[in-house]
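Text of the file protein19.txt, holding compact mmCIF, C-alpha atoms:
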```
# COMPACT_ATOMS: atom_id res chain seq x y z
CA MET A 1 0.00 0.00 0.00
CA ARG A 2 2.77 2.46 0.93
CA ALA A 3 4.89 1.47 -2.08
CA ALA A 4 2.00 2.32 -4.42
CA ARG A 5 1.52 5.63 -2.62
CA LEU A 6 5.21 6.52 -2.95
CA ILE A 7 5.13 5.78 -6.66
CA LYS A 8 2.06 7.93 -7.07
CA MET A 9 3.75 10.75 -5.17
CA VAL A 10 6.74 10.64 -7.52
CA LEU A 11 4.46 10.66 -10.57
CA LEU A 12 2.49 13.59 -9.20
CA LEU A 13 5.66 15.61 -8.66
CA GLN A 14 6.96 14.60 -12.09
CA SER A 15 3.80 15.81 -13.80
CA ARG A 16 3.76 19.24 -12.08
CA PRO A 17 6.41 21.88 -11.33
CA ALA A 18 5.70 21.77 -7.58
CA MET A 19 3.00 20.78 -5.09
CA THR A 20 2.27 21.86 -1.55
CA ALA A 21 1.97 19.35 1.28
CA ALA A 22 -1.79 20.05 1.41
CA GLU A 23 -2.18 19.35 -2.31
CA LEU A 24 -0.24 16.09 -2.06
CA ALA A 25 -2.20 15.06 1.01
CA ALA A 26 -5.46 15.62 -0.83
CA GLU A 27 -4.32 13.67 -3.91
CA LEU A 28 -2.91 10.77 -1.87
CA GLU A 29 -5.75 10.81 0.71
CA VAL A 30 -3.36 10.96 3.67
CA SER A 31 -2.35 13.55 6.25
CA GLU A 32 0.30 16.24 5.63
CA ARG A 33 2.45 14.54 8.27
CA THR A 34 2.37 11.33 6.19
CA VAL A 35 3.39 13.36 3.12
CA THR A 36 6.42 14.66 5.02
CA ARG A 37 7.43 11.12 6.05
CA ASP A 38 6.93 9.81 2.51
CA ALA A 39 9.06 12.62 1.05
CA GLN A 40 11.81 11.75 3.51
CA ALA A 41 11.57 8.05 2.56
CA LEU A 42 11.86 8.88 -1.15
CA SER A 43 14.87 11.10 -0.50
CA GLU A 44 16.59 8.32 1.45
CA ALA A 45 15.86 5.93 -1.45
CA GLY A 46 17.68 8.23 -3.90
CA VAL A 47 14.73 10.10 -5.40
CA PRO A 48 15.70 13.82 -5.36
CA VAL A 49 12.65 15.27 -3.63
CA TYR A 50 13.30 18.83 -2.48
CA ALA A 51 11.19 20.59 0.15
CA GLU A 52 10.85 24.38 0.00
CA ARG A 53 9.76 26.13 3.15
CA GLY A 54 7.57 29.22 3.44
CA ARG A 55 4.09 30.27 2.32
CA ALA A 56 4.86 29.53 -1.36
CA GLY A 57 6.83 26.44 -0.54
CA GLY A 58 6.14 22.82 -1.30
CA TYR A 59 7.77 19.78 -2.84
CA ARG A 60 9.47 19.42 -6.21
CA LEU A 61 11.82 17.04 -8.01
CA VAL A 62 15.32 18.41 -8.50
CA GLY A 63 17.26 18.54 -11.75
CA GLY A 64 14.56 17.34 -14.15
CA TYR A 65 14.44 13.89 -12.52
CA ARG A 66 12.20 11.45 -14.37
CA THR A 67 11.19 8.02 -13.16
CA ARG A 68 10.83 5.02 -15.44
CA LEU A 69 7.81 3.84 -13.47
CA THR A 70 5.33 5.02 -16.11
CA GLY A 71 4.48 1.70 -17.77
CA LEU A 72 0.75 1.02 -17.72
CA ALA A 73 -0.59 -2.12 -16.10
CA ARG A 74 -3.20 -3.97 -18.16
CA ASP A 75 -6.17 -2.86 -16.06
CA GLU A 76 -4.92 0.73 -16.13
CA ALA A 77 -4.56 0.70 -19.93
CA GLU A 78 -8.06 -0.72 -20.35
CA ALA A 79 -9.54 1.77 -17.91
CA LEU A 80 -7.79 4.66 -19.67
CA PHE A 81 -10.01 4.16 -22.73
CA LEU A 82 -13.06 4.67 -20.48
CA SER A 83 -11.71 7.79 -18.79
CA GLY A 84 -14.45 9.90 -20.38
CA LEU A 85 -17.04 7.95 -18.38
CA PRO A 86 -16.23 8.80 -14.74
CA SER A 87 -19.54 7.58 -13.32
CA ALA A 88 -19.30 4.31 -15.26
CA LEU A 89 -15.73 3.74 -14.04
CA ARG A 90 -16.80 4.37 -10.46
CA GLU A 91 -19.73 1.94 -10.69
CA MET A 92 -17.53 -0.80 -12.21
CA GLY A 93 -14.85 -0.35 -9.53
CA LEU A 94 -12.23 0.96 -12.01
CA GLU A 95 -11.86 4.52 -10.77
CA ASP A 96 -8.47 3.94 -9.09
CA ALA A 97 -7.04 2.14 -12.13
CA ALA A 98 -8.13 4.96 -14.44
CA SER A 99 -6.69 7.58 -12.11
CA ALA A 100 -3.33 5.78 -12.02
CA ALA A 101 -3.32 5.42 -15.81
CA ARG A 102 -4.04 9.10 -16.40
CA LEU A 103 -1.32 10.06 -13.95
CA LYS A 104 1.26 7.82 -15.69
CA VAL A 105 0.37 9.20 -19.10
CA SER A 106 0.58 12.74 -17.76
CA ALA A 107 4.00 12.03 -16.24
CA ALA A 108 5.28 10.69 -19.55
CA LEU A 109 4.18 13.76 -21.56
CA LEU A 110 6.30 16.76 -22.38
CA PRO A 111 5.87 19.59 -19.86
CA SER A 112 4.05 21.70 -22.47
CA LEU A 113 1.40 18.99 -22.90
CA ARG A 114 0.72 18.05 -19.29
CA ASP A 115 -2.38 20.20 -19.03
CA ALA A 116 -4.01 18.33 -21.95
CA SER A 117 -6.15 16.08 -19.73
CA SER A 118 -7.46 18.91 -17.56
CA SER A 119 -7.99 21.07 -20.64
CA ALA A 120 -10.15 18.40 -22.26
CA ALA A 121 -12.05 17.74 -19.02
CA ARG A 122 -12.96 21.42 -18.78
CA ARG A 123 -14.46 21.32 -22.28
CA PHE A 124 -16.19 17.95 -22.64
CA HIS A 125 -18.31 15.80 -20.35
CA LEU A 126 -20.52 12.78 -21.01
CA ASP A 127 -23.61 12.54 -18.80
CA ALA A 128 -24.93 9.02 -19.46
CA PRO A 129 -28.03 8.81 -17.20
CA SER A 130 -31.34 10.03 -18.53
CA TRP A 131 -33.25 13.05 -17.22
CA TYR A 132 -35.67 12.77 -14.30
CA HIS A 133 -34.30 9.43 -13.14
CA GLU A 134 -31.95 8.95 -10.20
CA PRO A 135 -29.41 6.34 -11.40
CA GLU A 136 -28.86 3.34 -9.14
CA THR A 137 -25.71 1.22 -9.30
CA PRO A 138 -26.58 -2.50 -9.50
CA GLU A 139 -25.01 -4.31 -6.57
CA LEU A 140 -23.52 -7.06 -8.75
CA LEU A 141 -22.07 -4.76 -11.42
CA PRO A 142 -18.43 -4.81 -10.15
CA VAL A 143 -18.43 -8.65 -10.04
CA ILE A 144 -19.79 -8.85 -13.58
CA ALA A 145 -17.37 -6.17 -14.79
CA ASP A 146 -14.43 -8.16 -13.41
CA ALA A 147 -15.63 -11.23 -15.29
CA VAL A 148 -15.99 -9.23 -18.52
CA TRP A 149 -12.44 -7.90 -18.25
CA ASP A 150 -11.06 -11.33 -17.34
CA ASP A 151 -13.01 -13.36 -19.98
CA ARG A 152 -14.26 -15.54 -17.13
CA LEU A 153 -17.43 -17.64 -17.21
CA VAL A 154 -20.07 -16.85 -14.60
CA ARG A 155 -22.91 -18.85 -13.10
CA ALA A 156 -25.81 -16.55 -12.49
CA ARG A 157 -29.43 -16.41 -11.45
CA TYR A 158 -31.61 -13.96 -13.36
CA ARG A 159 -35.15 -12.61 -12.97
CA ARG A 160 -36.53 -13.03 -16.45
CA GLY A 161 -39.22 -10.57 -17.56
CA GLY A 162 -42.64 -12.07 -18.11
CA GLY A 163 -46.34 -11.44 -17.81
CA ARG A 164 -47.68 -7.94 -18.08
CA ALA A 165 -45.31 -5.00 -18.39
CA GLY A 166 -44.45 -3.41 -15.09
CA GLY A 167 -46.07 -6.26 -13.19
CA GLY A 168 -43.28 -6.49 -10.65
CA ASP A 169 -41.36 -9.48 -9.31
CA ARG A 170 -44.41 -11.74 -9.09
CA ASP A 171 -44.67 -11.66 -12.90
CA ARG A 172 -41.06 -12.74 -13.38
CA THR A 173 -39.49 -16.16 -13.18
CA GLU A 174 -35.95 -16.74 -11.96
CA VAL A 175 -33.65 -18.86 -14.10
CA ALA A 176 -30.10 -20.19 -13.74
CA ARG A 177 -27.60 -19.55 -16.52
CA GLU A 178 -23.94 -20.15 -17.29
CA LEU A 179 -22.81 -17.13 -19.27
CA ALA A 180 -19.77 -15.97 -21.18
CA PRO A 181 -19.87 -12.22 -20.41
CA TYR A 182 -18.69 -10.37 -23.53
CA GLY A 183 -19.45 -6.74 -22.82
CA LEU A 184 -21.26 -4.10 -20.79
CA VAL A 185 -23.51 -1.35 -22.13
CA LEU A 186 -24.71 1.72 -20.23
CA LYS A 187 -27.93 2.97 -21.81
CA ALA A 188 -29.65 6.02 -20.31
CA GLY A 189 -28.43 5.17 -16.82
CA VAL A 190 -29.30 1.44 -17.05
CA TRP A 191 -26.57 -1.23 -17.24
CA TYR A 192 -26.88 -4.22 -19.59
CA LEU A 193 -24.72 -7.31 -20.10
CA CYS A 194 -24.20 -8.76 -23.58
CA ALA A 195 -23.32 -12.41 -23.04
CA ARG A 196 -23.17 -15.73 -24.82
CA ALA A 197 -25.51 -18.38 -23.42
CA GLY A 198 -24.79 -21.65 -25.19
CA ASP A 199 -24.54 -20.74 -28.88
CA ASP A 200 -26.67 -17.59 -28.65
CA PHE A 201 -25.78 -14.02 -27.74
CA ARG A 202 -28.31 -12.34 -25.48
CA VAL A 203 -28.83 -9.12 -23.53
CA TYR A 204 -29.47 -9.06 -19.76
CA ARG A 205 -30.32 -6.16 -17.46
CA ILE A 206 -27.71 -6.08 -14.70
CA ASP A 207 -30.23 -5.10 -12.01
CA ARG A 208 -32.20 -8.32 -12.64
CA PHE A 209 -29.34 -10.60 -11.62
CA THR A 210 -29.96 -12.00 -8.15
CA SER A 211 -26.61 -13.81 -7.85
CA VAL A 212 -23.40 -14.04 -9.89
CA GLU A 213 -20.57 -16.48 -9.17
CA PRO A 214 -17.39 -16.29 -11.28
CA ALA A 215 -16.24 -19.73 -12.45
CA ASP A 216 -12.65 -20.98 -12.36
CA GLU A 217 -12.52 -21.45 -16.12
CA ARG A 218 -12.27 -18.75 -18.77
CA PHE A 219 -13.97 -18.68 -22.16
CA GLU A 220 -12.37 -18.13 -25.55
CA ARG A 221 -13.62 -14.83 -26.90
CA ASP A 222 -14.94 -14.70 -30.46
CA GLU A 223 -12.78 -11.94 -31.94
CA ALA A 224 -15.38 -11.29 -34.64
CA PHE A 225 -17.91 -10.17 -32.01
CA ASP A 226 -18.57 -6.42 -32.44
CA LEU A 227 -20.20 -5.05 -29.28
CA PRO A 228 -21.45 -1.70 -30.69
CA ALA A 229 -22.90 -3.38 -33.80
CA PHE A 230 -24.51 -6.15 -31.73
CA TRP A 231 -26.09 -3.66 -29.34
CA GLU A 232 -27.42 -1.45 -32.13
CA GLU A 233 -29.05 -4.44 -33.83
CA ARG A 234 -30.60 -5.81 -30.65
CA ALA A 235 -31.78 -2.40 -29.47
CA THR A 236 -33.48 -1.77 -32.81
CA ASP A 237 -35.11 -5.22 -32.79
CA PHE A 238 -36.28 -4.73 -29.21
CA ALA A 239 -37.82 -1.34 -29.92
CA ARG A 240 -39.67 -2.72 -32.94
CA SER A 241 -40.88 -5.77 -31.01
CA LEU A 242 -42.77 -3.49 -28.62
CA LEU A 243 -44.87 -1.97 -31.41
CA ARG A 244 -47.60 -4.61 -31.55
CA THR A 245 -50.58 -2.61 -32.85
CA GLU A 246 -51.40 0.31 -35.16
CA VAL A 247 -53.45 3.47 -34.97
CA THR A 248 -54.54 5.81 -37.78
CA VAL A 249 -54.18 9.51 -37.10
CA ARG A 250 -54.37 12.82 -38.94
CA VAL A 251 -51.63 15.32 -38.10
CA SER A 252 -51.06 18.96 -38.96
CA GLU A 253 -47.74 20.14 -40.31
CA ARG A 254 -46.67 21.02 -36.79
CA GLY A 255 -48.04 17.73 -35.44
CA ALA A 256 -45.97 15.82 -38.02
CA ARG A 257 -42.84 17.49 -36.67
CA GLN A 258 -43.81 16.69 -33.07
CA LEU A 259 -44.76 13.07 -33.75
CA ALA A 260 -41.20 11.81 -33.37
CA TYR A 261 -41.06 13.18 -29.81
CA ALA A 262 -44.33 11.55 -28.74
CA GLY A 263 -43.23 7.92 -29.17
CA ASP A 264 -40.74 5.78 -31.07
CA ARG A 265 -38.72 8.13 -33.26
CA ALA A 266 -37.80 5.56 -35.95
CA ALA A 267 -41.37 4.25 -36.21
CA ALA A 268 -42.74 7.79 -36.57
CA ALA A 269 -40.22 8.67 -39.28
CA GLU A 270 -41.02 5.48 -41.21
CA ALA A 271 -44.77 6.03 -40.90
CA LEU A 272 -44.51 9.62 -42.13
CA ALA A 273 -42.33 8.52 -45.06
CA GLN A 274 -44.99 6.01 -46.13
CA ALA A 275 -47.95 8.37 -45.62
CA PRO A 276 -49.64 10.06 -48.60
CA PRO A 277 -49.01 13.75 -49.23
CA ALA A 278 -50.82 16.38 -47.16
CA GLY A 279 -54.24 17.56 -48.29
CA PRO A 280 -55.24 21.15 -49.07
CA ASP A 281 -55.55 21.85 -45.35
CA GLY A 282 -51.96 20.72 -44.72
CA TRP A 283 -52.99 17.65 -42.71
CA ARG A 284 -51.69 14.14 -43.40
CA THR A 285 -53.15 10.73 -42.59
CA VAL A 286 -50.58 8.43 -40.95
CA VAL A 287 -50.76 4.77 -39.91
CA LEU A 288 -48.57 4.67 -36.81
CA PRO A 289 -47.20 1.53 -35.03
CA VAL A 290 -47.64 1.77 -31.25
CA GLU A 291 -47.00 -0.42 -28.23
CA SER A 292 -50.64 -0.49 -27.10
CA LEU A 293 -53.74 1.69 -27.13
CA ASP A 294 -53.05 2.75 -23.55
CA VAL A 295 -49.51 3.82 -24.43
CA ALA A 296 -50.72 5.54 -27.61
CA TYR A 297 -53.30 7.48 -25.58
CA SER A 298 -50.73 8.83 -23.12
CA GLN A 299 -48.17 9.63 -25.84
CA LEU A 300 -50.34 11.12 -28.57
CA LEU A 301 -52.47 13.18 -26.22
CA SER A 302 -49.43 15.45 -25.82
CA LEU A 303 -49.92 16.69 -29.40
CA GLY A 304 -53.24 18.26 -28.43
CA PRO A 305 -55.08 19.93 -31.33
CA GLU A 306 -52.29 19.06 -33.78
CA LEU A 307 -53.50 15.43 -34.02
CA GLU A 308 -56.83 13.70 -34.62
CA VAL A 309 -57.28 9.97 -33.99
CA MET A 310 -59.24 8.28 -36.79
CA ALA A 311 -59.02 4.61 -35.77
CA PRO A 312 -59.56 2.44 -33.87
CA GLU A 313 -62.87 3.78 -32.59
CA GLU A 314 -62.00 2.84 -29.00
CA LEU A 315 -59.03 5.21 -28.99
CA ARG A 316 -60.92 7.94 -30.87
CA SER A 317 -63.66 7.80 -28.21
CA ARG A 318 -61.10 8.22 -25.43
CA PHE A 319 -59.64 11.28 -27.16
CA ALA A 320 -63.12 12.72 -27.66
CA ALA A 321 -63.89 12.24 -23.97
CA ALA A 322 -60.60 13.87 -23.00
CA ALA A 323 -61.34 16.82 -25.29
CA GLU A 324 -64.79 17.21 -23.72
CA ARG A 325 -63.32 17.22 -20.22
CA LEU A 326 -60.79 19.87 -21.27
CA ARG A 327 -63.58 21.97 -22.79
CA GLU A 328 -65.55 21.82 -19.53
CA LEU A 329 -62.43 22.62 -17.54
CA TYR A 330 -61.55 25.72 -19.56
CA ARG A 331 -65.10 26.95 -20.20
```
Structure re-expressed in structure tokens:
Amino acid sequence: MRAARLIKMVLLLQSRPAMTAAELAAELEVSERTVTRDAQALSEAGVPVYAERGRAGGYRLVGGYRTRLTGLARDEAEALFLSGLPSALREMGLEDAASAARLKVSAALLPSLRDASSSAARRFHLDAPSWYHEPETPELLPVIADAVWDDRLVRARYRRGGGRAGGGDRDRTEVARELAPYGLVLKAGVWYLCARAGDDFRVYRIDRFTSVEPADERFERDEAFDLPAFWEERATDFARSLLRTEVTVRVSERGARQLAYAGDRAAAAEALAQAPPAGPDGWRTVVLPVESLDVAYSQLLSLGPELEVMAPEELRSRFAAAAERLRELYR
């Protein structure tokens, strides 16, 4: 533990002209007294750490000293490529590895380039979770992430979705699976595992795993597997599979523009592309795929007077009743 801290202290001093005891203590998560002892230990080991006293004082390396301890460990190199996803790194338990990797890279750069990482961080940030939802880290995510990095088989129990949507645990059955975990995907604040089960590749929500036990044996990764392409294909198929019924609507020019924001964007675009041209009044008749009449009611009602439901009659009647209630409310 102390050896790793001493190395980190050297790298910190190598990447900056000088640092105060308070700054080093904050970076190393120790007391200033421990920083003083560590600096003394480095000096006794032959590392030229020089302490300057006074208000502007601090610690620096003398004579342009550079350590050779900048080689990246495997986990640090892998974590470095995820350094733009701080929350994801933290949830997978890779925050320390990424921090060490960034520090080693910074120490190896020319002095004129050492502010590159902070410069980029001030200008770009990826916020993965969706709006209005407080993200929750699945308890088993670090265990699964370790297995993904290590190409290690896992034996898991999983609550499979079933029954009516949103029906809760009582509508789900729990199954046992042996999985080859290929990759993790963070989609709008929700973590998914892409894994091979037998000969098939499948997608699992991390928060539905009830237990995960890494096996002793590893699996041989199929190098042809493309995680981004696989996810895009499955996500598209999943979105389309939800659209089990159709409704016929008339939309104004403004309503046509808003339609993509009221439901599935791809389905709306495809439906508009296949619809006949607008009539003299500027309205178009569109046959729109939807998940259900209940979902269509809640989504399409947001378009207000820019949309008229034509069929089925059940949905048209619900819109008519809603319009009547609004009329009474605003009379």
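Across the model, the gap from atom CA of A:Val287 to atom CA of A:Thr236 is 19.8 Å.
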- Message: Need the shell around A:Arg37: protein/DNA/RNA residues with any atom at most 12 Å away, counting all atoms listed in the file. Skip same-chain ones fewer than 6 positions apart. Format as a ChimeraX atom specification?
- Response: /A:2,5-6,9,21,25,30-31,43-44,49,51
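Residues having any atom no farther than 12 Å from (-45.6, 23.1, -39.5) (counting only C-alpha atoms) are Val251, Ser252, Glu253, Arg254, Gly255, Ala256, Arg257, Gln258, Leu259, Ala278, Asp281, Gly282, Trp283, Arg284 and Glu306 of chain A.
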Please produce an output containing C-alpha atoms for each residue in the selection, written as a compact mmCIF listing (two decimals), in the coordinates of the input.
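Below you can see out03.txt, which holds the result:
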```txt
# COMPACT_ATOMS: atom_id res chain seq x y z
CA VAL A 251 -51.63 15.32 -38.10
CA SER A 252 -51.06 18.96 -38.96
CA GLU A 253 -47.74 20.14 -40.31
CA ARG A 254 -46.67 21.02 -36.79
CA GLY A 255 -48.04 17.73 -35.44
CA ALA A 256 -45.97 15.82 -38.02
CA ARG A 257 -42.84 17.49 -36.67
CA GLN A 258 -43.81 16.69 -33.07
CA LEU A 259 -44.76 13.07 -33.75
CA ALA A 278 -50.82 16.38 -47.16
CA ASP A 281 -55.55 21.85 -45.35
CA GLY A 282 -51.96 20.72 -44.72
CA TRP A 283 -52.99 17.65 -42.71
CA ARG A 284 -51.69 14.14 -43.40
CA GLU A 306 -52.29 19.06 -33.78
```
- Best match for closeness to A:Asp200 among A:Pro289, A:Lys187, A:Glu32, A:Glu178, counting all atoms listed in the file: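 Checking each candidate against A:Asp200, we get A:Glu178 as the closest.
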- Message: So the first atom is atom CA of A:Val249 and the second is atom CA of A:Met310; what is the distance between them in Å, to one decimal place?
- Response: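 Going from atom CA of A:Val249 over to atom CA of A:Met310 covers 5.2 Å.
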- One residue among A:Ala267, A:Leu153, A:Val295, A:Leu61 is nearest to A:Ala18 when using only C-alpha atoms, and that residue is A:Leu61
- Item | Atom-to-atom span, atom CA of A:Arg60 and atom CA of A:Ala26, Å | 16.3 Å
Would you write out, as CSV, a table of all residues in stretch 222-250 of chain A that have an atom no more than 12 Å from an atom of stretch 313-323 of chain A, listing for each the closest atom pair and the distance in Å to one decimal, considering only C-alpha atoms and ordering rows by chain and rising residue number?
```
residue,atom,partner,partner_atom,distance
A:Glu246,CA,A:Leu315,CA,11.0
A:Val247,CA,A:Leu315,CA,8.4
A:Thr248,CA,A:Arg316,CA,9.6
A:Val249,CA,A:Arg316,CA,9.3
A:Arg250,CA,A:Arg316,CA,11.5
```
- Item | Close residues, A:Phe219 itself excluded, 10 Å, all atoms listed in the file, min 2 positions apart in chain, as a PyMOL selection string | chain A and resi 150-154+179-182+217+221-222
- So which residues are close to (-21.5, -18.9, -5.7), meaning at most 10 Å away in the file's coordinates with all atoms listed in the file counted, and can you show them as number ranges by chain? A: 154-156, 211-215
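Candidate residues A:Arg265, A:Arg218, A:Arg177, A:Arg16 were compared for distance to A:Arg240, and the nearest is A:Arg265, using only C-alpha atoms.
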- Residue contacts of stretch 134-146 of chain A (6 Å, all atoms listed in the file) excluding same-chain residues fewer than 2 positions away, as a ChimeraX atom specification: /A:92-93,148-149,189,207
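Nearest to A:Val203 of all the residues A:Ala224, A:Ala235, A:Ala188, A:Val290 is A:Ala235, counting all atoms listed in the file.
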- Item | Using only C-alpha atoms: which of A:Leu12, A:Cys194, A:Leu242, A:Leu288 has the shortest distance to A:Glu270 | A:Leu288
